[in-house]
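Please read the structure below before turning to the comments.
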Amino acid sequence: MSLQSTVIAPSILSANFAKLGEEVDNVLKAGADWVHFDVMDNHYVPNLTIGPLVCEALRKHGVTAPIDVHLMVDPVDRIVPDFAKAGASTISFHPEASLHVHRTIQLIKSHGCGAGLVLNPATPIEVLDWVLEDLDLVLLMSVNPGFGGQSFIPSALDKLRRVRERIDNSGRAIRLEIDGGVKADNIAEIAAAGADTFVAGSAIFNAPGADQHGYDEIVRRMKDAVAAVRK
Ligand SMILES: O=C(CO)[C@@H](O)[C@H](O)COP(=O)(O)O
């Protein structure tokens, strides 16, 4: 496997929004690598969350880590420039939310951001045909998008293996990201299946004891589990 460096990307969907800046500072201090930023529009998914203003506010607050924007928004193109301006590092979207997937990828890249394509649990991997080489990231959903705190769908492991093979065959440095139900006790098998970038929301922000002792222990457990597989 030609894996990229390990990235732990806490999903701020499970953070305390009343003190978001502090929450983000604390997970990054604990060793998290990216900030995963879930954007939901109450149309493509049945939930409503945050937009470019919040992304910009995190940058103004002083967050310098990559902000990994996951757009669960339909249509997607018109919001891309706003997120790029607000400080997004990567922007990922669902093919179902774009009439012209190749064009949306080019739009994201033309604004200086990394481009990612997100596959829902039932989206066939053939959607990667003809565009894989243009992508910086493939994000596999291991839950149906819309909410944090759901259970990992086991068929995502086989899908990870298949997409890993395609990425390796492409010879390109494309990240393989997994999102949904990722915990300290299943992250090792997820890593073994080929993921290098791990989104975790409830497992980090709702970790037992995290309110008193911070996020260091849960982030370290996740990193150690992945490192043990990659040795
Ligand atoms: O995009 C989504 C849900 O649509 C995810 O990023 C979740 O927020 C992950 O939450 P957990 O399953 O880790 O609690």
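Lettering and numbering for the structure tokens are positional, with chains as A, B, ... in the shown order, residues counted from 1 in each chain, and ligands counted from 1 in the shown order.
Residues lying within 12 Å of A:Ile125, counting only C-alpha atoms and ignoring same-chain neighbours fewer than 4 positions away, are Pro95, Leu117, Val118, Leu119, Asn120, Pro121, Asp129, Trp130, Val131, Leu132, Val138, Leu139, Leu140, Met141, Ala156, Asp158, Lys159, Leu160, Arg161, Arg162, Val163, Arg164, Glu165, Arg166 and Ile167 of chain A.
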Selection from above, N, CA and C atoms, as a compact mmCIF listing (two decimals), in the first residue's frame, can you write it?
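Output file result-v2.txt follows:
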# COMPACT_ATOMS: atom_id res chain seq x y z
N PRO A 95 -20.93 13.26 -5.41
CA PRO A 95 -21.21 13.32 -6.85
C PRO A 95 -22.69 13.53 -7.13
N LEU A 117 -13.72 13.74 -3.41
CA LEU A 117 -15.03 13.22 -3.80
C LEU A 117 -15.48 12.27 -2.70
N VAL A 118 -16.76 12.39 -2.30
CA VAL A 118 -17.28 11.62 -1.16
C VAL A 118 -18.23 10.55 -1.68
N LEU A 119 -18.02 9.32 -1.24
CA LEU A 119 -18.89 8.21 -1.65
C LEU A 119 -19.72 7.76 -0.45
N ASN A 120 -21.04 7.83 -0.59
CA ASN A 120 -21.93 7.31 0.45
C ASN A 120 -21.81 5.78 0.51
N PRO A 121 -22.33 5.17 1.58
CA PRO A 121 -22.20 3.71 1.69
C PRO A 121 -22.71 2.96 0.46
N ASP A 129 -14.19 6.44 -11.74
CA ASP A 129 -13.65 6.29 -13.10
C ASP A 129 -13.56 7.66 -13.75
N TRP A 130 -12.46 7.93 -14.38
CA TRP A 130 -12.23 9.15 -15.17
C TRP A 130 -11.92 10.38 -14.33
N VAL A 131 -12.12 10.34 -13.02
CA VAL A 131 -11.79 11.53 -12.22
C VAL A 131 -10.77 11.27 -11.13
N LEU A 132 -10.49 10.00 -10.85
CA LEU A 132 -9.61 9.69 -9.70
C LEU A 132 -8.30 10.49 -9.78
N VAL A 138 -10.11 10.91 -1.59
CA VAL A 138 -11.38 10.19 -1.71
C VAL A 138 -11.88 9.97 -0.28
N LEU A 139 -13.12 10.37 -0.04
CA LEU A 139 -13.70 10.22 1.30
C LEU A 139 -14.81 9.16 1.23
N LEU A 140 -14.61 8.06 1.94
CA LEU A 140 -15.64 7.03 2.00
C LEU A 140 -16.46 7.21 3.25
N MET A 141 -17.77 7.31 3.07
CA MET A 141 -18.67 7.40 4.23
C MET A 141 -18.94 5.99 4.74
N ALA A 156 -18.02 -1.05 4.60
CA ALA A 156 -17.05 0.00 4.23
C ALA A 156 -15.62 -0.54 4.21
N ASP A 158 -14.54 -3.46 2.99
CA ASP A 158 -14.25 -4.01 1.67
C ASP A 158 -14.12 -2.88 0.62
N LYS A 159 -14.97 -1.88 0.79
CA LYS A 159 -14.91 -0.74 -0.14
C LYS A 159 -13.55 -0.02 -0.02
N LEU A 160 -13.09 0.12 1.23
CA LEU A 160 -11.78 0.74 1.45
C LEU A 160 -10.69 -0.02 0.70
N ARG A 161 -10.72 -1.36 0.83
CA ARG A 161 -9.69 -2.17 0.16
C ARG A 161 -9.71 -1.96 -1.34
N ARG A 162 -10.92 -1.90 -1.90
CA ARG A 162 -11.03 -1.74 -3.35
C ARG A 162 -10.56 -0.36 -3.81
N VAL A 163 -10.91 0.66 -3.03
CA VAL A 163 -10.47 2.01 -3.43
C VAL A 163 -8.96 2.16 -3.21
N ARG A 164 -8.46 1.54 -2.15
CA ARG A 164 -7.01 1.57 -1.92
C ARG A 164 -6.26 0.99 -3.12
N GLU A 165 -6.79 -0.11 -3.65
CA GLU A 165 -6.13 -0.73 -4.81
C GLU A 165 -6.12 0.23 -6.01
N ARG A 166 -7.24 0.90 -6.21
CA ARG A 166 -7.31 1.86 -7.33
C ARG A 166 -6.33 3.01 -7.13
N ILE A 167 -6.27 3.51 -5.89
CA ILE A 167 -5.35 4.63 -5.63
C ILE A 167 -3.91 4.18 -5.86
Would you list the residues that come within 10 Å of ligand 1? Count only C-alpha atoms and all ligand atoms and give the answer as a PDB file with C-alpha atoms, in the first residue's frame.
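The resulting pocket07.pdb:
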ATOM      1  CA  ALA A   9      -9.406  14.775  11.685  1.00  0.00           C
ATOM      2  CA  PRO A  10     -11.884  15.422  14.511  1.00  0.00           C
ATOM      3  CA  SER A  11     -15.347  16.244  13.175  1.00  0.00           C
ATOM      4  CA  ILE A  12     -16.462  19.423  14.916  1.00  0.00           C
ATOM      5  CA  LEU A  13     -20.068  18.318  14.412  1.00  0.00           C
ATOM      6  CA  SER A  14     -19.746  16.698  17.857  1.00  0.00           C
ATOM      7  CA  ALA A  15     -17.928  19.647  19.471  1.00  0.00           C
ATOM      8  CA  HIS A  36     -13.087  18.194   9.777  1.00  0.00           C
ATOM      9  CA  PHE A  37     -15.858  20.672   8.986  1.00  0.00           C
ATOM     10  CA  ASP A  38     -19.265  19.142   8.179  1.00  0.00           C
ATOM     11  CA  VAL A  39     -21.590  21.362   6.156  1.00  0.00           C
ATOM     12  CA  MET A  40     -25.221  20.192   5.984  1.00  0.00           C
ATOM     13  CA  VAL A  45     -29.076  15.624   4.146  1.00  0.00           C
ATOM     14  CA  PRO A  46     -31.745  16.060   6.831  1.00  0.00           C
ATOM     15  CA  ASN A  47     -29.676  18.284   9.113  1.00  0.00           C
ATOM     16  CA  VAL A  69     -14.581  20.884   4.468  1.00  0.00           C
ATOM     17  CA  HIS A  70     -17.137  18.154   3.730  1.00  0.00           C
ATOM     18  CA  LEU A  71     -20.005  19.650   1.754  1.00  0.00           C
ATOM     19  CA  MET A  72     -23.301  17.795   2.186  1.00  0.00           C
ATOM     20  CA  VAL A 118     -17.278  11.618  -1.165  1.00  0.00           C
ATOM     21  CA  ASN A 120     -21.929   7.311   0.450  1.00  0.00           C
ATOM     22  CA  LEU A 139     -13.700  10.220   1.303  1.00  0.00           C
ATOM     23  CA  LEU A 140     -15.641   7.028   1.996  1.00  0.00           C
ATOM     24  CA  MET A 141     -18.670   7.396   4.228  1.00  0.00           C
ATOM     25  CA  SER A 142     -19.046   4.503   6.652  1.00  0.00           C
ATOM     26  CA  VAL A 143     -22.422   5.848   7.822  1.00  0.00           C
ATOM     27  CA  ASN A 144     -25.202   7.533   5.897  1.00  0.00           C
ATOM     28  CA  PRO A 145     -24.403  11.236   6.027  1.00  0.00           C
ATOM     29  CA  GLY A 146     -26.358  13.669   8.153  1.00  0.00           C
ATOM     30  CA  PHE A 147     -25.597  12.881  11.781  1.00  0.00           C
ATOM     31  CA  GLY A 148     -22.765  12.093  14.148  1.00  0.00           C
ATOM     32  CA  GLY A 149     -22.809   9.187  16.565  1.00  0.00           C
ATOM     33  CA  GLN A 150     -23.919   6.423  14.157  1.00  0.00           C
ATOM     34  CA  SER A 151     -22.407   2.937  13.948  1.00  0.00           C
ATOM     35  CA  PHE A 152     -19.724   2.010  11.420  1.00  0.00           C
ATOM     36  CA  ILE A 178     -12.970   7.379   6.180  1.00  0.00           C
ATOM     37  CA  ASP A 179     -15.830   9.032   8.027  1.00  0.00           C
ATOM     38  CA  GLY A 180     -18.499   7.656  10.340  1.00  0.00           C
ATOM     39  CA  GLY A 181     -18.407   5.470  13.415  1.00  0.00           C
ATOM     40  CA  VAL A 182     -14.608   5.566  13.678  1.00  0.00           C
ATOM     41  CA  LYS A 183     -13.518   4.735  17.257  1.00  0.00           C
ATOM     42  CA  PHE A 198      -9.545   9.259   9.818  1.00  0.00           C
ATOM     43  CA  VAL A 199     -12.518  11.448  10.703  1.00  0.00           C
ATOM     44  CA  ALA A 200     -13.895  10.924  14.200  1.00  0.00           C
ATOM     45  CA  GLY A 201     -16.515  13.072  15.879  1.00  0.00           C
ATOM     46  CA  SER A 202     -18.312  11.530  18.836  1.00  0.00           C
ATOM     47  CA  ALA A 203     -15.390   9.209  19.663  1.00  0.00           C
ATOM     48  CA  ILE A 204     -13.206  12.255  20.328  1.00  0.00           C
ATOM     49  CA  PHE A 205     -15.508  15.006  21.551  1.00  0.00           C
ATOM     50  CA  ASN A 206     -17.625  12.664  23.707  1.00  0.00           C
TER      51      ASN A 206
END
Tell me which protein, DNA and RNA residues are within 7 Å of A:Ala115, counting only C-alpha atoms, leaving out same-chain ones fewer than 5 positions away, and put them as a VMD selection string.
-> chain A and resid 90 to 92 105 108 to 109 135 to 137
Please build the interface table for stretch 29-103 of chain A against stretch 194-197 of chain A with a cut-off of 12 Å, listing for each qualifying residue the nearest atom pair and the distance in Å to one decimal; count only C-alpha atoms, order rows by chain and increasing number, and write it as JSON lines.
{"residue": "A:Ala32", "atom": "CA", "partner": "A:Thr197", "partner_atom": "CA", "distance": 11.1}
{"residue": "A:Asp33", "atom": "CA", "partner": "A:Thr197", "partner_atom": "CA", "distance": 9.6}
{"residue": "A:Trp34", "atom": "CA", "partner": "A:Thr197", "partner_atom": "CA", "distance": 9.4}
{"residue": "A:Val35", "atom": "CA", "partner": "A:Thr197", "partner_atom": "CA", "distance": 11.6}
{"residue": "A:His36", "atom": "CA", "partner": "A:Thr197", "partner_atom": "CA", "distance": 10.7}
{"residue": "A:Asp68", "atom": "CA", "partner": "A:Thr197", "partner_atom": "CA", "distance": 10.8}
Preceding selection exported with N, CA and C atoms as a PDB file, in the first residue's frame:
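Listing of out00.pdb after writing:
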ATOM      1  N   ALA A  32      -4.328  16.213  17.197  1.00  0.00           N
ATOM      2  CA  ALA A  32      -5.102  16.038  15.969  1.00  0.00           C
ATOM      3  C   ALA A  32      -4.432  16.850  14.848  1.00  0.00           C
ATOM      4  N   ASP A  33      -4.613  16.378  13.608  1.00  0.00           N
ATOM      5  CA  ASP A  33      -3.878  16.954  12.486  1.00  0.00           C
ATOM      6  C   ASP A  33      -4.704  17.961  11.678  1.00  0.00           C
ATOM      7  N   TRP A  34      -5.959  17.614  11.443  1.00  0.00           N
ATOM      8  CA  TRP A  34      -6.852  18.455  10.643  1.00  0.00           C
ATOM      9  C   TRP A  34      -8.111  18.748  11.451  1.00  0.00           C
ATOM     10  N   VAL A  35      -8.862  19.736  10.965  1.00  0.00           N
ATOM     11  CA  VAL A  35     -10.195  20.000  11.502  1.00  0.00           C
ATOM     12  C   VAL A  35     -11.191  19.569  10.428  1.00  0.00           C
ATOM     13  N   HIS A  36     -12.081  18.636  10.753  1.00  0.00           N
ATOM     14  CA  HIS A  36     -13.087  18.194   9.777  1.00  0.00           C
ATOM     15  C   HIS A  36     -14.363  19.002   9.990  1.00  0.00           C
ATOM     16  N   ASP A  68     -10.727  20.782   6.675  1.00  0.00           N
ATOM     17  CA  ASP A  68     -11.168  19.768   5.712  1.00  0.00           C
ATOM     18  C   ASP A  68     -12.694  19.870   5.617  1.00  0.00           C
TER      19      ASP A  68
END
As JSON, numbers by chain, please: all residues of stretch 56-175 of chain A that backbone DSSP puts in alpha helix (DSSP H).
-> {"A": [56, 57, 58, 59, 60, 61, 80, 81, 82, 83, 84, 85, 86, 101, 102, 103, 104, 105, 106, 107, 108, 109, 110, 155, 156, 157, 158, 159, 160, 161, 162, 163, 164, 165, 166, 167, 168, 169, 170]}
Would you save the residues of that selection, restricted to C-alpha atoms, as a PDB file, in the first residue's frame?
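Done, and the output landed in selection_25.pdb:
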ATOM      1  CA  GLU A  56     -13.658  32.173   8.514  1.00  0.00           C
ATOM      2  CA  ALA A  57     -14.220  32.692  12.249  1.00  0.00           C
ATOM      3  CA  LEU A  58     -11.974  29.719  13.041  1.00  0.00           C
ATOM      4  CA  ARG A  59      -9.230  31.187  10.842  1.00  0.00           C
ATOM      5  CA  LYS A  60      -9.631  34.576  12.543  1.00  0.00           C
ATOM      6  CA  HIS A  61      -9.473  32.811  15.897  1.00  0.00           C
ATOM      7  CA  VAL A  80     -17.291  26.482  -3.296  1.00  0.00           C
ATOM      8  CA  PRO A  81     -15.759  29.969  -3.804  1.00  0.00           C
ATOM      9  CA  ASP A  82     -17.154  31.144  -0.442  1.00  0.00           C
ATOM     10  CA  PHE A  83     -15.474  28.274   1.396  1.00  0.00           C
ATOM     11  CA  ALA A  84     -12.192  28.824  -0.432  1.00  0.00           C
ATOM     12  CA  LYS A  85     -12.291  32.499   0.586  1.00  0.00           C
ATOM     13  CA  ALA A  86     -13.178  31.518   4.163  1.00  0.00           C
ATOM     14  CA  VAL A 101     -18.400  16.164 -11.316  1.00  0.00           C
ATOM     15  CA  HIS A 102     -15.248  16.861 -13.325  1.00  0.00           C
ATOM     16  CA  ARG A 103     -16.152  20.546 -13.546  1.00  0.00           C
ATOM     17  CA  THR A 104     -16.743  20.823  -9.787  1.00  0.00           C
ATOM     18  CA  ILE A 105     -13.338  19.258  -9.108  1.00  0.00           C
ATOM     19  CA  GLN A 106     -11.685  21.805 -11.406  1.00  0.00           C
ATOM     20  CA  LEU A 107     -13.665  24.611  -9.746  1.00  0.00           C
ATOM     21  CA  ILE A 108     -12.369  23.603  -6.301  1.00  0.00           C
ATOM     22  CA  LYS A 109      -8.788  23.380  -7.555  1.00  0.00           C
ATOM     23  CA  SER A 110      -9.024  26.697  -9.390  1.00  0.00           C
ATOM     24  CA  SER A 155     -19.147  -3.186   4.255  1.00  0.00           C
ATOM     25  CA  ALA A 156     -17.052   0.000   4.232  1.00  0.00           C
ATOM     26  CA  LEU A 157     -13.992  -2.154   4.958  1.00  0.00           C
ATOM     27  CA  ASP A 158     -14.249  -4.007   1.665  1.00  0.00           C
ATOM     28  CA  LYS A 159     -14.908  -0.742  -0.138  1.00  0.00           C
ATOM     29  CA  LEU A 160     -11.781   0.743   1.450  1.00  0.00           C
ATOM     30  CA  ARG A 161      -9.685  -2.174   0.163  1.00  0.00           C
ATOM     31  CA  ARG A 162     -11.030  -1.736  -3.350  1.00  0.00           C
ATOM     32  CA  VAL A 163     -10.474   2.015  -3.426  1.00  0.00           C
ATOM     33  CA  ARG A 164      -7.007   1.567  -1.915  1.00  0.00           C
ATOM     34  CA  GLU A 165      -6.128  -0.734  -4.805  1.00  0.00           C
ATOM     35  CA  ARG A 166      -7.306   1.855  -7.326  1.00  0.00           C
ATOM     36  CA  ILE A 167      -5.347   4.631  -5.632  1.00  0.00           C
ATOM     37  CA  ASP A 168      -2.203   2.508  -5.494  1.00  0.00           C
ATOM     38  CA  ASN A 169      -2.595   1.595  -9.177  1.00  0.00           C
ATOM     39  CA  SER A 170      -2.971   5.264 -10.081  1.00  0.00           C
TER      40      SER A 170
END
Identify which of the residues A:His43, A:His213, A:Lys231, A:Lys19 lies closest to A:Val73, counting only C-alpha atoms when measuring atom-to-atom distances.
->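 Among the listed residues, the smallest separation from A:Val73 belongs to A:His43.
Secondary structure by DSSP on the backbone puts the following residues of stretch 43-140 of chain A in strand (DSSP E): Ile67, Asp68, Val69, His70, Leu71, Met72, Thr90, Ile91, Ser92, Phe93, Gly114, Ala115, Gly116, Leu117, Val118, Leu119, Leu137, Val138, Leu139 and Leu140 of chain A.
What separates atom CA of A:Met222 from atom CA of A:Arg172 is a distance of 26.0 Å.
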